[in-house]
file target-v2.txt (compact mmCIF, C-alpha atoms and all ligand atoms)
# COMPACT_ATOMS: atom_id res chain seq x y z
CA MET A 1 59.72 -2.06 54.45
CA ARG A 2 56.44 -1.72 52.61
CA ALA A 3 55.40 -5.10 53.91
CA ILE A 4 56.00 -4.03 57.48
CA ILE A 5 53.85 -0.93 57.04
CA ALA A 6 51.08 -2.99 55.49
CA SER A 7 50.99 -5.38 58.40
CA LEU A 8 51.07 -2.52 60.87
CA VAL A 9 48.03 -1.00 59.20
CA LEU A 10 46.27 -4.33 59.42
CA LEU A 11 47.03 -4.53 63.10
CA LEU A 12 45.78 -1.01 63.70
CA VAL A 13 42.47 -1.27 61.89
CA PRO A 14 40.63 -3.52 64.35
CA SER A 15 41.71 -1.47 67.36
CA LEU A 16 40.54 1.74 65.61
CA GLN A 17 37.16 0.20 65.08
CA ALA A 18 36.91 -0.86 68.68
CA SER A 19 37.61 2.67 69.91
CA ALA A 20 35.24 4.29 67.40
CA GLN A 21 32.57 4.61 70.06
CA VAL A 22 32.00 8.31 70.73
CA GLU A 23 31.45 9.22 74.33
CA VAL A 24 28.94 11.94 75.21
CA GLN A 25 30.69 13.39 78.22
CA GLY A 26 28.06 15.88 79.19
CA VAL A 27 24.97 17.75 78.09
CA ARG A 28 24.63 21.46 78.83
CA VAL A 29 21.43 23.45 78.37
CA TRP A 30 21.58 27.24 78.02
CA ALA A 31 18.36 29.24 77.95
CA ALA A 32 18.56 32.59 76.14
CA PRO A 33 15.70 34.97 75.29
CA ASP A 34 15.91 34.08 71.59
CA ASN A 35 16.53 30.38 71.84
CA THR A 36 17.58 27.47 73.97
CA ARG A 37 20.88 25.83 73.16
CA ILE A 38 21.73 22.24 73.98
CA VAL A 39 25.41 21.36 73.82
CA PHE A 40 26.69 17.79 73.78
CA ASP A 41 30.33 17.48 74.83
CA LEU A 42 31.87 14.71 72.77
CA SER A 43 35.06 12.68 72.81
CA ALA A 44 35.18 12.89 68.98
CA PRO A 45 33.09 14.16 66.05
CA VAL A 46 29.91 12.15 65.62
CA GLU A 47 27.59 11.16 62.77
CA HIS A 48 24.18 12.36 63.79
CA GLU A 49 20.64 12.98 62.62
CA LEU A 50 18.01 15.33 63.96
CA LEU A 51 14.26 14.68 63.62
CA GLU A 52 11.42 17.03 64.57
CA LEU A 53 8.39 14.94 65.54
CA ASP A 54 4.80 15.76 66.53
CA ASP A 55 2.28 14.20 68.93
CA PRO A 56 3.80 14.79 71.33
CA GLN A 57 6.18 17.45 70.07
CA ARG A 58 9.77 16.32 70.46
CA LEU A 59 13.22 16.45 68.94
CA VAL A 60 15.01 13.21 68.35
CA ILE A 61 18.78 13.23 67.98
CA ASP A 62 20.39 9.99 66.84
CA LEU A 63 24.12 9.72 67.39
CA GLU A 64 25.90 6.88 65.63
CA GLN A 65 28.28 4.71 67.60
CA ALA A 66 27.83 6.76 70.73
CA ARG A 67 27.05 6.32 74.37
CA LEU A 68 26.41 8.54 77.37
CA ALA A 69 29.18 8.71 79.96
CA GLU A 70 26.59 9.55 82.59
CA GLN A 71 22.92 10.41 82.82
CA PRO A 72 22.50 14.13 82.02
CA ASP A 73 20.54 16.57 84.19
CA GLN A 74 16.97 17.47 83.27
CA PRO A 75 16.31 20.95 81.80
CA ASP A 76 15.11 23.66 84.20
CA ALA A 77 11.38 23.55 84.88
CA ASP A 78 11.01 27.11 83.57
CA ASP A 79 12.77 26.49 80.25
CA ARG A 80 10.57 27.93 77.53
CA TYR A 81 10.99 25.04 75.13
CA LEU A 82 12.27 21.92 76.85
CA LYS A 83 10.14 19.72 79.04
CA SER A 84 12.43 16.77 79.60
CA LEU A 85 15.36 14.84 78.23
CA ARG A 86 15.40 11.08 77.69
CA SER A 87 17.91 8.71 76.15
CA GLY A 88 18.22 5.13 75.04
CA ILE A 89 20.42 2.71 73.16
CA ARG A 90 19.50 2.06 69.54
CA ASN A 91 20.69 -0.69 67.17
CA GLY A 92 22.99 -1.96 69.89
CA ASN A 93 25.62 0.71 69.44
CA ASP A 94 23.84 3.99 68.67
CA LEU A 95 22.50 6.57 71.08
CA ARG A 96 19.11 8.22 70.81
CA VAL A 97 18.42 11.40 72.78
CA VAL A 98 14.83 12.65 72.92
CA LEU A 99 14.02 16.22 73.91
CA ASP A 100 10.37 16.51 74.89
CA LEU A 101 9.08 19.97 74.01
CA LYS A 102 6.62 22.41 75.49
CA ARG A 103 5.83 24.09 72.16
CA ASP A 104 6.33 23.98 68.42
CA VAL A 105 9.95 24.76 67.52
CA THR A 106 12.37 24.95 64.66
CA SER A 107 15.84 23.67 65.29
CA LYS A 108 19.27 23.62 63.80
CA THR A 109 22.33 21.62 64.60
CA PHE A 110 26.02 21.94 63.97
CA GLN A 111 29.31 20.62 65.32
CA LEU A 112 32.15 22.61 66.80
CA LYS A 113 35.82 21.72 66.81
CA PRO A 114 37.86 21.75 70.01
CA ASN A 115 39.28 25.03 71.27
CA GLU A 116 41.24 26.04 74.35
CA ARG A 117 38.25 25.48 76.61
CA TYR A 118 36.16 22.72 75.13
CA GLY A 119 36.54 19.58 73.10
CA HIS A 120 34.34 18.41 70.20
CA ARG A 121 30.78 19.58 70.56
CA LEU A 122 27.43 18.97 68.92
CA VAL A 123 25.14 21.98 69.25
CA VAL A 124 21.35 21.93 68.89
CA ASP A 125 19.69 25.36 68.80
CA VAL A 126 15.95 25.47 69.37
CA PHE A 127 13.87 28.48 68.24
CA PRO A 128 10.14 29.20 68.46
CA ALA A 129 8.41 27.88 65.32
CA ASP A 130 6.41 31.06 64.71
CA GLY A 131 9.62 32.76 63.62
CA ASN A 132 9.15 35.42 66.24
CA LYS A 133 12.76 35.32 67.28
CA THR A 134 12.65 38.01 69.89
CA VAL A 135 10.51 36.27 72.44
CA GLY A 136 12.01 38.63 74.90
CA SER A 137 15.26 40.30 74.04
CA PRO A 138 16.29 42.02 77.21
CA GLN A 139 14.38 45.21 77.79
CA ALA A 140 15.20 48.23 79.83
CA PRO A 141 13.37 48.26 83.13
CA ALA A 142 10.33 50.52 82.92
CA LYS A 143 11.10 54.02 84.03
CA SER A 144 8.81 56.23 86.04
CA VAL A 145 6.77 58.59 83.91
CA ALA A 146 8.09 61.55 85.90
CA ALA A 147 11.61 60.82 84.74
CA ARG A 148 10.62 61.07 81.09
CA SER A 149 10.09 64.24 79.19
CA GLU A 150 7.14 64.51 76.85
CA SER A 151 9.05 65.78 73.87
CA MET A 152 12.69 65.03 74.56
CA ARG A 153 13.96 61.51 74.33
CA ASP A 154 16.42 59.84 76.67
CA VAL A 155 19.91 58.97 75.52
CA ILE A 156 20.11 55.19 75.26
CA VAL A 157 23.14 53.41 76.66
CA ALA A 158 23.55 49.80 75.55
CA ILE A 159 25.41 47.93 78.27
CA ASP A 160 26.97 44.68 77.14
CA ALA A 161 28.11 42.16 79.73
CA GLY A 162 30.84 40.17 77.98
CA HIS A 163 30.72 36.40 77.40
CA GLY A 164 27.97 34.23 78.93
CA GLY A 165 26.61 30.72 78.74
CA GLU A 166 29.22 28.17 77.77
CA ASP A 167 31.75 30.97 77.32
CA PRO A 168 32.86 31.87 80.85
CA GLY A 169 35.42 34.43 79.69
CA ALA A 170 38.54 34.64 81.83
CA ILE A 171 38.65 32.57 85.02
CA GLY A 172 40.41 33.79 88.18
CA SER A 173 42.43 31.67 90.53
CA LEU A 174 39.55 31.61 93.04
CA GLY A 175 37.37 30.21 90.26
CA THR A 176 35.56 33.48 89.51
CA HIS A 177 34.05 33.55 86.03
CA GLU A 178 34.39 36.79 84.10
CA LYS A 179 30.88 36.31 82.64
CA LYS A 180 29.40 36.42 86.16
CA VAL A 181 31.14 39.50 87.58
CA VAL A 182 30.69 41.56 84.41
CA MET A 183 26.97 40.69 84.45
CA ASP A 184 26.78 41.95 88.06
CA ILE A 185 28.57 45.18 87.17
CA ALA A 186 26.44 45.66 84.03
CA LYS A 187 23.21 45.28 86.03
CA ARG A 188 24.38 47.73 88.68
CA LEU A 189 25.39 50.22 86.00
CA ALA A 190 22.05 49.80 84.19
CA ALA A 191 20.15 50.53 87.41
CA LYS A 192 22.22 53.66 88.03
CA VAL A 193 21.83 54.86 84.44
CA ASN A 194 18.07 54.40 84.71
CA ARG A 195 18.00 56.61 87.79
CA GLU A 196 19.61 59.46 85.81
CA ALA A 197 17.23 61.96 84.26
CA GLY A 198 17.57 61.81 80.49
CA MET A 199 19.39 58.46 80.33
CA ARG A 200 18.11 54.96 79.76
CA ALA A 201 19.99 51.67 79.78
CA ILE A 202 19.41 48.50 77.84
CA LEU A 203 21.27 45.26 78.52
CA THR A 204 22.37 43.11 75.60
CA ARG A 205 22.03 40.05 77.83
CA ASP A 206 20.36 39.77 81.20
CA GLY A 207 21.14 36.19 82.05
CA ASP A 208 23.73 33.48 81.70
CA TYR A 209 23.59 32.57 78.03
CA PHE A 210 25.78 32.89 74.98
CA LEU A 211 25.27 35.78 72.55
CA PRO A 212 27.30 36.01 69.33
CA LEU A 213 29.32 39.24 69.18
CA ARG A 214 27.32 40.40 66.19
CA ARG A 215 23.99 39.85 67.94
CA ARG A 216 25.13 42.14 70.75
CA ILE A 217 25.55 45.00 68.28
CA GLU A 218 22.19 44.16 66.67
CA ILE A 219 20.39 44.45 69.99
CA ALA A 220 22.00 47.85 70.59
CA ARG A 221 20.88 48.96 67.15
CA GLU A 222 17.33 47.64 67.58
CA HIS A 223 17.05 49.87 70.66
CA HIS A 224 18.59 52.87 68.84
CA ALA A 225 21.44 53.06 71.30
CA ASP A 226 23.50 56.25 71.39
CA LEU A 227 26.41 54.48 72.99
CA PHE A 228 27.61 50.89 73.29
CA ILE A 229 29.69 49.89 76.27
CA SER A 230 31.01 46.37 76.61
CA ILE A 231 32.12 45.32 80.08
CA HIS A 232 34.88 42.79 80.66
CA ALA A 233 37.53 41.73 83.14
CA ASP A 234 41.05 41.27 81.88
CA ALA A 235 43.35 38.31 82.28
CA PHE A 236 47.06 38.07 81.79
CA ARG A 237 49.61 35.36 82.41
CA ASP A 238 51.51 37.63 84.82
CA ARG A 239 49.30 37.72 87.92
CA ARG A 240 50.85 40.95 89.17
CA VAL A 241 49.37 42.97 86.32
CA HIS A 242 46.35 44.97 87.52
CA GLY A 243 44.13 47.99 86.91
CA SER A 244 41.41 49.14 84.53
CA SER A 245 41.76 49.96 80.85
CA VAL A 246 39.41 51.27 78.20
CA TYR A 247 39.52 50.24 74.55
CA VAL A 248 38.13 51.49 71.30
CA LEU A 249 38.14 49.74 67.96
CA SER A 250 41.25 50.19 65.92
CA GLN A 251 41.18 50.21 62.16
CA ASP A 252 44.89 49.88 61.61
CA GLY A 253 45.79 47.27 64.15
CA ALA A 254 46.32 47.21 67.86
CA SER A 255 47.99 49.98 69.85
CA SER A 256 50.23 47.47 71.60
CA GLU A 257 51.17 43.82 71.63
CA ALA A 258 49.07 43.34 74.76
CA ALA A 259 46.07 44.95 73.09
CA ARG A 260 46.43 42.62 70.13
CA TRP A 261 46.61 39.62 72.44
CA LEU A 262 43.54 40.76 74.35
CA ALA A 263 41.48 41.35 71.22
CA LYS A 264 42.31 37.81 70.15
CA GLN A 265 41.07 36.47 73.48
CA GLU A 266 37.82 38.47 73.41
CA ASN A 267 37.13 37.75 69.74
CA ALA A 268 37.52 34.04 70.43
CA ALA A 269 34.17 34.21 72.25
CA ASP A 270 32.39 33.30 69.03
CA GLN A 271 34.59 30.25 68.52
CA ILE A 272 34.04 29.19 72.11
CA GLY A 273 30.35 29.98 72.21
CA GLY A 274 29.89 28.59 68.74
CA ILE A 275 28.32 30.27 65.75
CA SER A 276 26.84 28.23 62.97
CA LEU A 277 27.89 28.60 59.37
CA ASN A 278 25.04 31.01 58.60
CA ASP A 279 26.37 33.44 61.13
CA LYS A 280 29.92 33.36 59.83
CA ASP A 281 29.24 35.47 56.76
CA ASP A 282 27.70 38.13 58.91
CA VAL A 283 30.72 38.31 61.15
CA LEU A 284 32.77 38.83 58.03
CA LYS A 285 30.43 41.63 57.06
CA GLU A 286 31.00 43.26 60.40
CA VAL A 287 34.70 43.16 59.81
CA LEU A 288 34.28 45.00 56.52
CA LEU A 289 31.98 47.52 58.09
CA ASP A 290 34.73 48.89 60.24
CA LEU A 291 36.02 50.73 57.20
CA SER A 292 33.10 53.10 57.49
CA GLN A 293 33.64 53.74 61.15
CA THR A 294 35.77 56.88 61.09
CA GLY A 295 32.97 59.19 62.22
CA THR A 296 32.08 57.32 65.36
CA LEU A 297 35.68 56.48 66.22
CA GLU A 298 36.35 60.02 67.37
CA ALA A 299 33.27 59.92 69.57
CA SER A 300 34.34 56.52 70.86
CA ILE A 301 37.74 57.87 71.86
CA ASP A 302 36.04 60.75 73.62
CA VAL A 303 33.82 58.44 75.67
CA ALA A 304 36.83 56.29 76.44
CA GLU A 305 38.77 59.27 77.78
CA ARG A 306 35.90 60.24 80.08
CA LEU A 307 35.61 56.67 81.33
CA ILE A 308 39.33 56.56 82.07
CA GLN A 309 38.96 59.76 84.11
CA GLY A 310 36.09 58.20 86.03
CA LEU A 311 37.84 54.89 86.64
CA GLY A 312 41.11 56.60 87.51
CA SER A 313 39.44 58.50 90.32
CA THR A 314 38.10 55.22 91.76
CA GLY A 315 40.96 52.81 91.49
CA LYS A 316 44.15 51.98 89.73
CA LEU A 317 44.46 52.25 86.00
CA HIS A 318 46.33 49.68 83.99
CA ARG A 319 46.77 52.21 81.17
CA ARG A 320 46.12 55.95 81.24
CA ASP A 321 45.70 56.20 77.47
CA VAL A 322 42.82 54.95 75.42
CA GLN A 323 43.85 51.59 74.00
CA SER A 324 42.76 50.36 70.63
CA ALA A 325 42.49 46.95 69.05
CA GLY A 326 40.36 45.04 66.57
CA PHE A 327 37.52 44.00 68.88
CA LEU A 328 34.68 42.47 66.90
CA VAL A 329 32.13 43.57 69.47
CA LEU A 330 33.01 47.23 68.88
CA LYS A 331 32.33 47.10 65.16
CA ALA A 332 29.06 49.00 65.04
CA PRO A 333 29.65 51.60 62.36
CA ASP A 334 26.97 53.95 63.63
CA ILE A 335 27.24 53.76 67.41
CA PRO A 336 30.19 55.06 69.43
CA SER A 337 31.50 51.94 71.15
CA VAL A 338 33.95 51.26 73.93
CA LEU A 339 35.15 48.19 75.76
CA VAL A 340 36.00 48.52 79.45
CA GLU A 341 38.33 46.03 81.06
CA THR A 342 37.29 46.77 84.65
CA ALA A 343 40.18 44.97 86.32
CA PHE A 344 42.41 41.93 86.01
CA ILE A 345 40.58 38.83 87.17
CA SER A 346 43.95 37.07 86.90
CA ASN A 347 45.25 39.24 89.77
CA PRO A 348 44.04 37.57 93.01
CA ASP A 349 43.53 40.89 94.78
CA GLU A 350 41.46 42.34 91.96
CA GLU A 351 39.58 39.05 91.57
CA ARG A 352 38.40 39.40 95.17
CA LYS A 353 37.38 43.01 94.53
CA LEU A 354 35.46 42.08 91.40
CA ARG A 355 33.32 39.73 93.50
CA ASP A 356 32.63 42.43 96.09
CA ALA A 357 29.28 44.22 95.78
CA GLY A 358 30.74 47.47 97.11
CA HIS A 359 33.52 47.44 94.57
CA GLN A 360 31.13 46.52 91.75
CA ASN A 361 29.10 49.58 92.72
CA ARG A 362 32.18 51.79 92.75
CA LEU A 363 33.12 50.61 89.27
CA ALA A 364 29.57 51.25 88.03
CA ASP A 365 29.65 54.74 89.62
CA ALA A 366 32.98 55.48 87.96
CA ILE A 367 31.63 54.46 84.56
CA LEU A 368 28.47 56.50 85.16
CA ARG A 369 30.58 59.58 85.94
CA GLY A 370 32.32 59.10 82.60
CA LEU A 371 28.96 58.77 80.83
CA ARG A 372 27.64 61.97 82.43
CA GLN A 373 30.73 63.86 81.32
CA TYR A 374 30.52 62.50 77.81
CA PHE A 375 26.85 63.28 77.35
CA ALA A 376 27.28 66.73 78.85
CA ASP A 377 29.21 67.57 75.69
CA HIS A 378 27.88 65.04 73.17
CA ALA A 379 24.19 64.52 73.84
CA PRO A 380 22.49 63.85 70.48
CA GLU A 381 19.96 66.38 69.15
CA GLY A 382 16.45 65.90 70.42
CA THR A 383 17.47 64.44 73.77
CA LEU A 384 16.67 65.85 77.16
CA LEU A 385 20.37 66.05 77.94
CA ALA A 386 21.08 68.09 74.79
CA ALA A 387 18.35 70.54 75.75
CA ARG A 388 20.00 71.26 79.05
CA GLU A 389 22.36 74.13 79.27
CA LYS A 390 25.77 72.97 78.17
CA VAL A 391 28.16 72.71 81.05
CA ARG A 392 30.65 75.55 80.77
CA ARG A 393 34.28 74.90 81.62
CA HIS A 394 37.29 77.12 81.96
CA THR A 395 40.87 75.93 81.64
CA ILE A 396 43.19 78.04 83.80
CA SER A 397 45.90 79.84 81.91
CA ARG A 398 48.77 81.93 83.22
CA GLY A 399 47.55 85.16 84.80
CA ASP A 400 44.06 83.85 85.67
CA THR A 401 42.81 84.37 89.20
CA LEU A 402 39.54 83.29 90.78
CA SER A 403 38.53 86.92 90.69
CA THR A 404 39.14 87.43 86.96
CA ILE A 405 37.37 84.17 86.10
CA ALA A 406 34.40 85.08 88.28
CA GLN A 407 34.19 88.42 86.51
CA GLN A 408 34.50 86.86 83.07
CA TYR A 409 31.52 84.55 83.64
CA SER A 410 29.52 86.85 85.94
CA VAL A 411 29.44 84.42 88.84
CA SER A 412 30.44 84.95 92.44
CA GLN A 413 33.83 83.71 93.62
CA ASP A 414 32.16 81.79 96.44
CA LYS A 415 29.90 79.98 94.02
CA LEU A 416 32.89 79.22 91.78
CA LYS A 417 34.82 77.77 94.70
CA GLN A 418 31.85 75.79 95.92
CA SER A 419 31.16 74.26 92.50
CA ASN A 420 34.74 73.10 92.22
CA GLY A 421 35.32 72.02 95.79
CA LEU A 422 38.06 74.62 96.27
CA LYS A 423 39.01 75.42 99.88
CA GLY A 424 41.34 78.39 99.28
CA ASP A 425 42.14 80.69 96.39
CA ARG A 426 44.89 78.55 94.87
CA ILE A 427 44.43 77.48 91.28
CA GLN A 428 46.90 75.93 88.86
CA VAL A 429 47.62 76.51 85.21
CA GLY A 430 45.92 73.75 83.22
CA GLN A 431 43.31 73.07 85.90
CA VAL A 432 39.74 72.87 84.55
CA LEU A 433 36.99 74.64 86.47
CA VAL A 434 33.28 74.02 86.05
CA ILE A 435 31.48 77.33 85.69
CA PRO A 436 28.18 77.24 87.59
CA GLY A 437 25.11 78.26 85.59
CA ASP A 438 22.67 81.05 86.42
CA SER A 439 20.12 78.63 87.80
CA ASP A 440 22.58 77.56 90.47
CA SER A 441 23.33 81.05 91.77
ZN ZN B 1 36.22 39.41 78.26
call {"tool": "encode", "arguments": {"input": "target-v2.txt", "output": "structure tokens", "more": "lines below"}}
Ligand SMILES: [Zn+2]
result
Amino acid sequence: MRAIIASLVLLLVPSLQASAQVEVQGVRVWAAPDNTRIVFDLSAPVEHELLELDDPQRLVIDLEQARLAEQPDQPDADDRYLKSLRSGIRNGNDLRVVLDLKRDVTSKTFQLKPNERYGHRLVVDVFPADGNKTVGSPQAPAKSVAARSESMRDVIVAIDAGHGGEDPGAIGSLGTHEKKVVMDIAKRLAAKVNREAGMRAILTRDGDYFLPLRRRIEIAREHHADLFISIHADAFRDRRVHGSSVYVLSQDGASSEAARWLAKQENAADQIGGISLNDKDDVLKEVLLDLSQTGTLEASIDVAERLIQGLGSTGKLHRRDVQSAGFLVLKAPDIPSVLVETAFISNPDEERKLRDAGHQNRLADAILRGLRQYFADHAPEGTLLAAREKVRRHTISRGDTLSTIAQQYSVSQDKLKQSNGLKGDRIQVGQVLVIPGDSDS
């Protein structure tokens, strides 16, 4: 028996050697504000070496026992770092890829194992050599001076379009990428927020590139965000499932099996997008940080409830309650954070809607309504919104009439009806009325 195995091994060895050639199946270039990432799709892990050379500045990547399946595309003309890409055979069997550069860079390289979406990958990240990492982290569009108050600051809303770059997120049956539609919705929402007096939006990403989950939180923090809202589109194996849901971070596990499953999908972004070893420790840190999150969790739930109200008045809700799960992207201990699953991209009807500009606007409006409501009660000290008169509300209890409420708050019944869109005198127990302020009367 042993002899048979030995001869089998002998037979196998030569064929293994013959198939040892690694095929580079494609080269993808992703330009982000902080860096440019070059991803080589490989048929197997590869031995490689990276050299940074001057005169002219270039990166040389030698891949042992490798060949290109086809000639890769050239980088975009407006890429900040890359001028061109060349390749050649070396030592008969090795592949040399040369990246000609526009400027001095530092680079790092690492390999990624296969996941659900991609096979083996070799990643080369290129950063500016001067260490100034934030060449241009996305900024809020400049706001007109008139919209700003001299002494009161705006509330800052960090809007995070999920996924990006080589991580497309969920993909609908029409081929719609989640990363694309959530970027559209995020940009529409940012524009609307910036038109509101006392509010300002920042986008964690403003293009099609990969951002580690942790970096998204960092950007929000760098801009002193008062609120972090991550925008996604759900997917589920049952195509009939539809509607919006809003999530907050959970400290003790997910509120449902579906929530747990979803968190796993969204958290996988870092495995798909690829984080290098250096980043891994920091992700771990984020996980530990959630222990100190209790304070902002209440605020997060409050935002989430307002967003559900807003979304519910626009379209169908998948869940009426705030859902919770261990989303990595929500683990900012100091910023109330919510994750909105706008719709199910896996539902063909909702996939079509997600691509529709009108529907994207309606979703953004619904989220904005939720933000207004939230900040009406929770605007941080020192903001223009906090300085405004707090919106007064009255919840109808048994025995209340329009007349008694009008008397109680010294407003006219007509004004009360007008502010609440009431046609007649009928009110219901539990109904909430907005009480108009003096300035309105
Ligand atoms: Zn997502």
call {"tool": "closest_residue", "arguments": {"input": "target-v2.txt", "among": "A:Gly312, A:Gly243, A:Pro336, A:Pro33", "to": "Arg369 of chain A", "atoms": "all atoms listed in the file"}}
result
A:Gly312
call {"tool": "atom_distance", "arguments": {"input": "target-v2.txt", "atom1": "atom CA of Gly175 of chain A", "atom2": "atom CA of Lys353 of chain A"}}
result
13.5 Å
call {"tool": "closest_atom_pairs", "arguments": {"input": "target-v2.txt", "of": "chain A", "to": "ligand ZN 1 (chain B)", "cutoff": "8 Å", "atoms": "only C-alpha atoms and all ligand atoms", "output": "CSV"}}
result
residue,atom,partner,partner_atom,distance
A:Gly162,CA,B:ZN1,ZN,5.4
A:His163,CA,B:ZN1,ZN,6.3
A:Gly169,CA,B:ZN1,ZN,5.2
A:Ala170,CA,B:ZN1,ZN,6.4
A:Glu178,CA,B:ZN1,ZN,6.7
A:Lys179,CA,B:ZN1,ZN,7.6
A:Ile231,CA,B:ZN1,ZN,7.4
A:His232,CA,B:ZN1,ZN,4.4
A:Ala233,CA,B:ZN1,ZN,5.6
A:Asp234,CA,B:ZN1,ZN,6.3
A:Gln265,CA,B:ZN1,ZN,7.4
A:Glu266,CA,B:ZN1,ZN,5.2
A:Glu341,CA,B:ZN1,ZN,7.5
call {"tool": "write_last_selection", "arguments": {"input": "target-v2.txt", "atoms": "C-alpha atoms", "output": "PDB file, in the coordinates of the input"}}
result
ATOM      1  CA  GLY A 162      30.840  40.170  77.980  1.00  0.00           C
ATOM      2  CA  HIS A 163      30.720  36.400  77.400  1.00  0.00           C
ATOM      3  CA  GLY A 169      35.420  34.430  79.690  1.00  0.00           C
ATOM      4  CA  ALA A 170      38.540  34.640  81.830  1.00  0.00           C
ATOM      5  CA  GLU A 178      34.390  36.790  84.100  1.00  0.00           C
ATOM      6  CA  LYS A 179      30.880  36.310  82.640  1.00  0.00           C
ATOM      7  CA  ILE A 231      32.120  45.320  80.080  1.00  0.00           C
ATOM      8  CA  HIS A 232      34.880  42.790  80.660  1.00  0.00           C
ATOM      9  CA  ALA A 233      37.530  41.730  83.140  1.00  0.00           C
ATOM     10  CA  ASP A 234      41.050  41.270  81.880  1.00  0.00           C
ATOM     11  CA  GLN A 265      41.070  36.470  73.480  1.00  0.00           C
ATOM     12  CA  GLU A 266      37.820  38.470  73.410  1.00  0.00           C
ATOM     13  CA  GLU A 341      38.330  46.030  81.060  1.00  0.00           C
TER      14      GLU A 341
END
call {"tool": "atom_distance", "arguments": {"input": "target-v2.txt", "atom1": "atom CA of His48 of chain A", "atom2": "atom CA of Arg121 of chain A"}}
result
11.9 Å
call {"tool": "residues_around", "arguments": {"input": "target-v2.txt", "residues": "Gln373 of chain A", "least_positions_apart": "3", "cutoff": "9 Å", "atoms": "all atoms listed in the file", "output": "list of chain:residue names"}}
result
A:Val303, A:Arg306, A:Leu307, A:Leu368, A:Arg369, A:Gly370, A:Ala376, A:Asp377, A:His378
call {"tool": "residues_around", "arguments": {"input": "target-v2.txt", "residues": "Thr401 of chain A", "least_positions_apart": "4", "cutoff": "12 Å", "atoms": "all atoms listed in the file", "output": "JSON, numbers by chain"}}
result
{"A": [394, 395, 396, 397, 405, 406, 407, 408, 413, 416, 417, 424, 425, 426, 427, 428, 429, 431, 433]}
call {"tool": "closest_residue", "arguments": {"input": "target-v2.txt", "among": "A:Ser410, A:Ser300, A:Ser346, A:Ser87", "to": "Leu174 of chain A", "atoms": "all atoms listed in the file"}}
result
A:Ser346
call {"tool": "closest_residue", "arguments": {"input": "target-v2.txt", "among": "A:Val155, A:Val338, A:Val182, A:Leu112", "to": "Gly382 of chain A", "atoms": "only C-alpha atoms"}}
result
A:Val155
call {"tool": "residues_around", "arguments": {"input": "target-v2.txt", "residues": "Asp76 of chain A", "least_positions_apart": "6", "cutoff": "12 Å", "atoms": "only C-alpha atoms", "output": "PyMOL selection string"}}
result
chain A and resi 28-31+36+82-85
call {"tool": "atom_distance", "arguments": {"input": "target-v2.txt", "atom1": "atom CA of Tyr409 of chain A", "atom2": "atom CA of Arg388 of chain A"}}
result
18.2 Å
